[in-house]
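Enquirer: My questions will all concern the structure given below.
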Amino acid sequence: MSNGIPMTDVLATDPRLVAITERIIARSKDTRAAYLARVDKFRSNGPARHHLGCANLAHGFAACNASDKEALAEGQAPNLGIISSYNEMLSAHVPYGEYIEPIKAAAKEVGMTAQMAGGVPAMCDGVTQGFPGMEMSLFSRDVIAMSTAIALSHDMFDGAMCLGVCDKIVPGLMIGALSFGQLPIVFVPAGPMTPGLSNAEKAKARQLFAEGKVGRKELLAAESASYHSAGTCTFYGTANTNQMLMEIMGMHLPGSTFINPYTPMRDALTRAHVHQLAHITREENRVILADIVTEKSVINGIVGLMATGGSTNHAMHIVAIARAAGVIVDWQDLSDISDIIPLMCRIYPNGLADVNRFQAVGGMGYLIRELRNAGLLHDDVKTIMGPTGGLSHYTKEPFLENGELVWRDAVAESLDDSVLRPPSKPFAAEGGLRLLKGNIGRSVIKISAVKAEHRKVKAPAIVFQSQEELQTAFKSGELEKDFIAVVRFQGPKACGMPELHKLTPPLGVLQDRGFKVALVTDGRMSGASGKIPAAIHMTPEALDNGIIGLINTGDLIELDAETGTLQLLVSDEELAKRQPAQCDLTNVHYGMGRELFAPFRSSVGLAEEGATVFNW
């Protein structure tokens with residue numbers, strides 16, 4: 001028994017999932033062994049800070065109060081490092097501004113010390129969408145990873161807490177933390193904002209604006225009513241997919257992910273995260289990060305992604321996180337897992353409900369219990385709840401009884417089957433993501449948001465070098481026909497792989513008018529990729545000699561999301577005659593700090609390998 005949560009026997013896993021896992025384990029044998037060897041090299045006996053010299057240690061606690069100085073100088077109690085992404089630009093991260101002192105107080109309650117080790121940058125894609133800052137967004141993940149490593153490099157810490165929520169921040173924190181896999185580490189959520197304007201009304205306002213039927217004043221009013229307070233944006237994009245991922249991989253306390261900020265429950269859970277980190281930092285209960293992030297927990301994260309219809313960004317982020325732990329997964333693995341995982345959720349943009357509604361009707365406790373009982377999760381994993389019990393801990397949800405935190409069984413049945421269903425009666429037999437393969441390359445598509453009648457498109461290409469070009473063509477009435485938009489030179493090598501969020505409204509309008517439309521791009525569409533079929537993250541990208549750079553306007557393309565194929569219907573002989581398209585990228589390489597990221601653009605890897613500058 002740990003924190004009132006009982007242990008149960010490990011459940012049998014679906015043999016199809018076992019087969020996929022075994023091939024990943026075999027593929028990762030050497031890289032995983034090398035990672036674990038590095039982790040083992042840096043394990044320490046006793047407090048980590050005790051190996052430091054006197055001058056080093058004195059610098060490390062110079063500004064602490066007297067009692068903390070004494071504890072850090074002479075004591076045996078663990079010292080916790082706090083890594084925070086707090087800033088006032090991200091509504092989701094604003095609550096973290098009030099976390100540091102309560103965390104320190106909670107650490108003292110269990111005889112430990114805690115220090116703010118460092119901050120990491122955290123930019124908001126919602127602010128930068130369609131503007132130059134967006135071209136640094138994906139690369140910010142790797143900057144965050146490096147910033148995490150710098151903060152922990154002082155080597156004064158016996159455990160760490162990572163405070164982060166949104167798009168690149170959680171993957172970056174995790175990648176950085178995995179370089180310190182010898183430490184017990186927990187991730188502490190901040191929770192979603194309370195509901196505002198419904199997602200359906202927000203989407204309608206955006207589409208009306210795209211059609212010129214309402215003005216900017218009306219659009220801004222709708223957006224402001226949607227994004228109205230501190231907390232995560234309430235739709236199921238990358239930020240909330242991050243939070244789902246951390247819980248199903250065992251990095252959050254059970255049921256803590258989608259609790260609103262500034263509530264007694266949220267405060268109690270933050271305190272409990274500190275106490276639990278203290279628990280697993282003690283030698284007799286010790287669970288280090290390398291014990292938690294394994295081949296099987298990575299698979300569990302992918303299962304959660306598919307069952308919930310989560311963000312397409314994780315086709316890169318999960319891959320990058322896994323590789324940081326020596327685990328090699330690719331898009332075929334993701335697609336094969338999607339084929340056997342039922343879609344259990346309808347959360348916007350895959351439905352009308354927000355994450356608050358998902359939480360209210362059953363939430364993560366229901367989701368994990370149902371997947372676990374169906375054998376669709378690996379139960380023989382370690383979590384921050386301790387070395388035993390597997391995911392049984394995560395079939396519970398928290399409650400306050402007389403101010404004390406307790407866990408009870410998640411609801412027996414979903415309270416709204418239009419939002420959350422069991423695997424036996426899913427919204428679809430397969431998960432939300434699929435690999436598309438063909439002569440253009442490899443890409444992913446989020447099919448959970450695309451209606452069946454729109455999943456097959458065969459139409460002429462119209463080629464664009466930017467999303468602004470497509471918007472201009474739409475406004476001038478040039479796109480009133482069937483076509484597949486090819487938007488290229490948007491990959492990581494070209495311009496940092498920005499999200500092409502502004503493409504969704506015009507293409508959605510054309511689809512609603514009865515035209516067959518689709519998108520093929522080497523850019524991203526994020527967790528908000530919506531109702532049109534979009535082949536995204538095309539690899540190789542145009543600037544990497546990808547076939548997408550040989551497509552001409554008028555070429556016939558066939559996209560079939562059901563069979564997982566994407567084919568340029570041009571002969572190999574004809575393609576051999578063509579010269580790769582050229583694009584002057586000067587304007588997207590300079591200004592607003594973009595020139596500083598030239599080394600990233602020149603060294604970044606393939607999207608299918610995580611689109612990272614790190615070479616594991």
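FYI, nothing fancy with the structure tokens labels: chains A, B, ... in order, residues from 1 per chain, ligands from 1 as they appear.
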Identify, on the basis of only C-alpha atoms, every residue whose closest approach to Phe157 (chain A) does not exceed 9 Å; exclude the query and any residue fewer than 4 positions from it along the same chain; express the result as an NGL selection string.

Expert: :A and (47-49 or 78-81 or 114-115 or 117 or 152 or 183)

Enquirer: Go ahead and dump the residues you just picked, N, CA and C atoms, as a PDB file, in the first residue's frame.

Expert:
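Saved to out-v9.pdb:
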ATOM      1  N   PRO A  47      23.983  11.718  -0.308  1.00  0.00           N
ATOM      2  CA  PRO A  47      23.635  12.973  -0.978  1.00  0.00           C
ATOM      3  C   PRO A  47      24.644  13.341  -2.062  1.00  0.00           C
ATOM      4  N   ALA A  48      24.136  13.734  -3.208  1.00  0.00           N
ATOM      5  CA  ALA A  48      25.011  14.028  -4.352  1.00  0.00           C
ATOM      6  C   ALA A  48      25.989  15.155  -4.043  1.00  0.00           C
ATOM      7  N   ARG A  49      25.530  16.133  -3.253  1.00  0.00           N
ATOM      8  CA  ARG A  49      26.352  17.321  -3.017  1.00  0.00           C
ATOM      9  C   ARG A  49      27.611  17.027  -2.191  1.00  0.00           C
ATOM     10  N   PRO A  78      17.980  14.360   1.460  1.00  0.00           N
ATOM     11  CA  PRO A  78      18.065  14.716   0.038  1.00  0.00           C
ATOM     12  C   PRO A  78      17.721  16.186  -0.217  1.00  0.00           C
ATOM     13  N   ASN A  79      18.289  16.716  -1.268  1.00  0.00           N
ATOM     14  CA  ASN A  79      18.006  18.072  -1.738  1.00  0.00           C
ATOM     15  C   ASN A  79      17.344  17.973  -3.103  1.00  0.00           C
ATOM     16  N   LEU A  80      16.209  18.633  -3.242  1.00  0.00           N
ATOM     17  CA  LEU A  80      15.438  18.549  -4.483  1.00  0.00           C
ATOM     18  C   LEU A  80      15.683  19.772  -5.355  1.00  0.00           C
ATOM     19  N   GLY A  81      15.898  19.554  -6.639  1.00  0.00           N
ATOM     20  CA  GLY A  81      16.050  20.647  -7.586  1.00  0.00           C
ATOM     21  C   GLY A  81      14.741  20.898  -8.321  1.00  0.00           C
ATOM     22  N   ALA A 114      14.804  21.999  -0.687  1.00  0.00           N
ATOM     23  CA  ALA A 114      14.498  22.164  -2.106  1.00  0.00           C
ATOM     24  C   ALA A 114      15.039  23.507  -2.570  1.00  0.00           C
ATOM     25  N   GLN A 115      15.582  23.522  -3.770  1.00  0.00           N
ATOM     26  CA  GLN A 115      16.111  24.752  -4.343  1.00  0.00           C
ATOM     27  C   GLN A 115      15.575  24.926  -5.764  1.00  0.00           C
ATOM     28  N   ALA A 117      16.363  25.306  -9.078  1.00  0.00           N
ATOM     29  CA  ALA A 117      17.619  25.009  -9.767  1.00  0.00           C
ATOM     30  C   ALA A 117      17.802  25.846 -11.021  1.00  0.00           C
ATOM     31  N   LEU A 152      20.502  21.326 -13.820  1.00  0.00           N
ATOM     32  CA  LEU A 152      20.827  20.166 -12.984  1.00  0.00           C
ATOM     33  C   LEU A 152      22.323  19.877 -12.932  1.00  0.00           C
ATOM     34  N   LEU A 183      18.530  10.112 -11.355  1.00  0.00           N
ATOM     35  CA  LEU A 183      17.783  10.789 -10.300  1.00  0.00           C
ATOM     36  C   LEU A 183      16.314  10.383 -10.294  1.00  0.00           C
TER      37      LEU A 183
END

Enquirer: To one decimal in Å, tell me the separation between CA of Val18 (chain A) and CA of Ile175 (chain A).

Expert: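 Going from CA of Val18 (chain A) over to CA of Ile175 (chain A) covers 25.5 Å.
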
Enquirer: Pick from A:Val444, A:Val298, A:Val450, A:Ala205: nearest to Ala324 (chain A), with only C-alpha atoms counted?

Expert: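 Of all the options, A:Val298 lies closest to Ala324 (chain A).
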
Enquirer: To test your reading of the structure, identify every residue in region 216-355 of chain A that backbone DSSP assigns to strand (DSSP E or B), and report it as a list in words.

Expert: Thr232, Leu343, Cys345, Ile347 and Ala353 of chain A

Enquirer: Keeping N, CA and C atoms for every residue in the selection just given, could you write it to a file as an mmCIF file, in the first residue's frame?

Expert:
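out.cif, written as the output of this step:
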data_model
loop_
_atom_site.group_PDB
_atom_site.id
_atom_site.type_symbol
_atom_site.label_atom_id
_atom_site.label_comp_id
_atom_site.auth_asym_id
_atom_site.auth_seq_id
_atom_site.Cartn_x
_atom_site.Cartn_y
_atom_site.Cartn_z
ATOM 1 N N THR A 232 -4.086 25.656 -18.789
ATOM 2 C CA THR A 232 -3.905 25.152 -20.143
ATOM 3 C C THR A 232 -5.111 25.480 -21.001
ATOM 4 N N LEU A 343 -10.223 4.013 -30.515
ATOM 5 C CA LEU A 343 -10.375 5.425 -30.178
ATOM 6 C C LEU A 343 -11.481 5.559 -29.137
ATOM 7 N N CYS A 345 -11.997 8.389 -27.074
ATOM 8 C CA CYS A 345 -12.332 9.764 -26.670
ATOM 9 C C CYS A 345 -12.759 10.613 -27.861
ATOM 10 N N ILE A 347 -12.632 14.504 -27.922
ATOM 11 C CA ILE A 347 -12.309 15.777 -27.294
ATOM 12 C C ILE A 347 -11.865 16.718 -28.420
ATOM 13 N N ALA A 353 -16.316 18.290 -26.909
ATOM 14 C CA ALA A 353 -16.006 18.440 -25.488
ATOM 15 C C ALA A 353 -14.594 18.982 -25.281
#

Enquirer: Give me, as JSON, numbers by chain, all polymer residues having an atom no more than 6 Å from region 391-395 of chain A, counting only C-alpha atoms and skipping those fewer than 4 positions away in the same chain.

Expert: {"A": [5, 254, 365, 368, 369, 379, 410]}

Enquirer: Can you work out which one of A:Glu558, A:Glu499, A:Asp572, A:Asp167 has the shortest atom-to-atom distance to Arg524 (chain A), counting only C-alpha atoms?

Expert: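 When distances to Arg524 (chain A) are compared using only C-alpha atoms, the smallest one comes from A:Glu499.
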
Enquirer: Compare A:Met136, A:Ile25, A:Leu585, A:Leu559 by their minimum atom-to-atom distance to Leu436 (chain A), counting only C-alpha atoms, and give me the closest one.

Expert: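 For Leu436 (chain A), the nearest of the given residues is A:Leu559.
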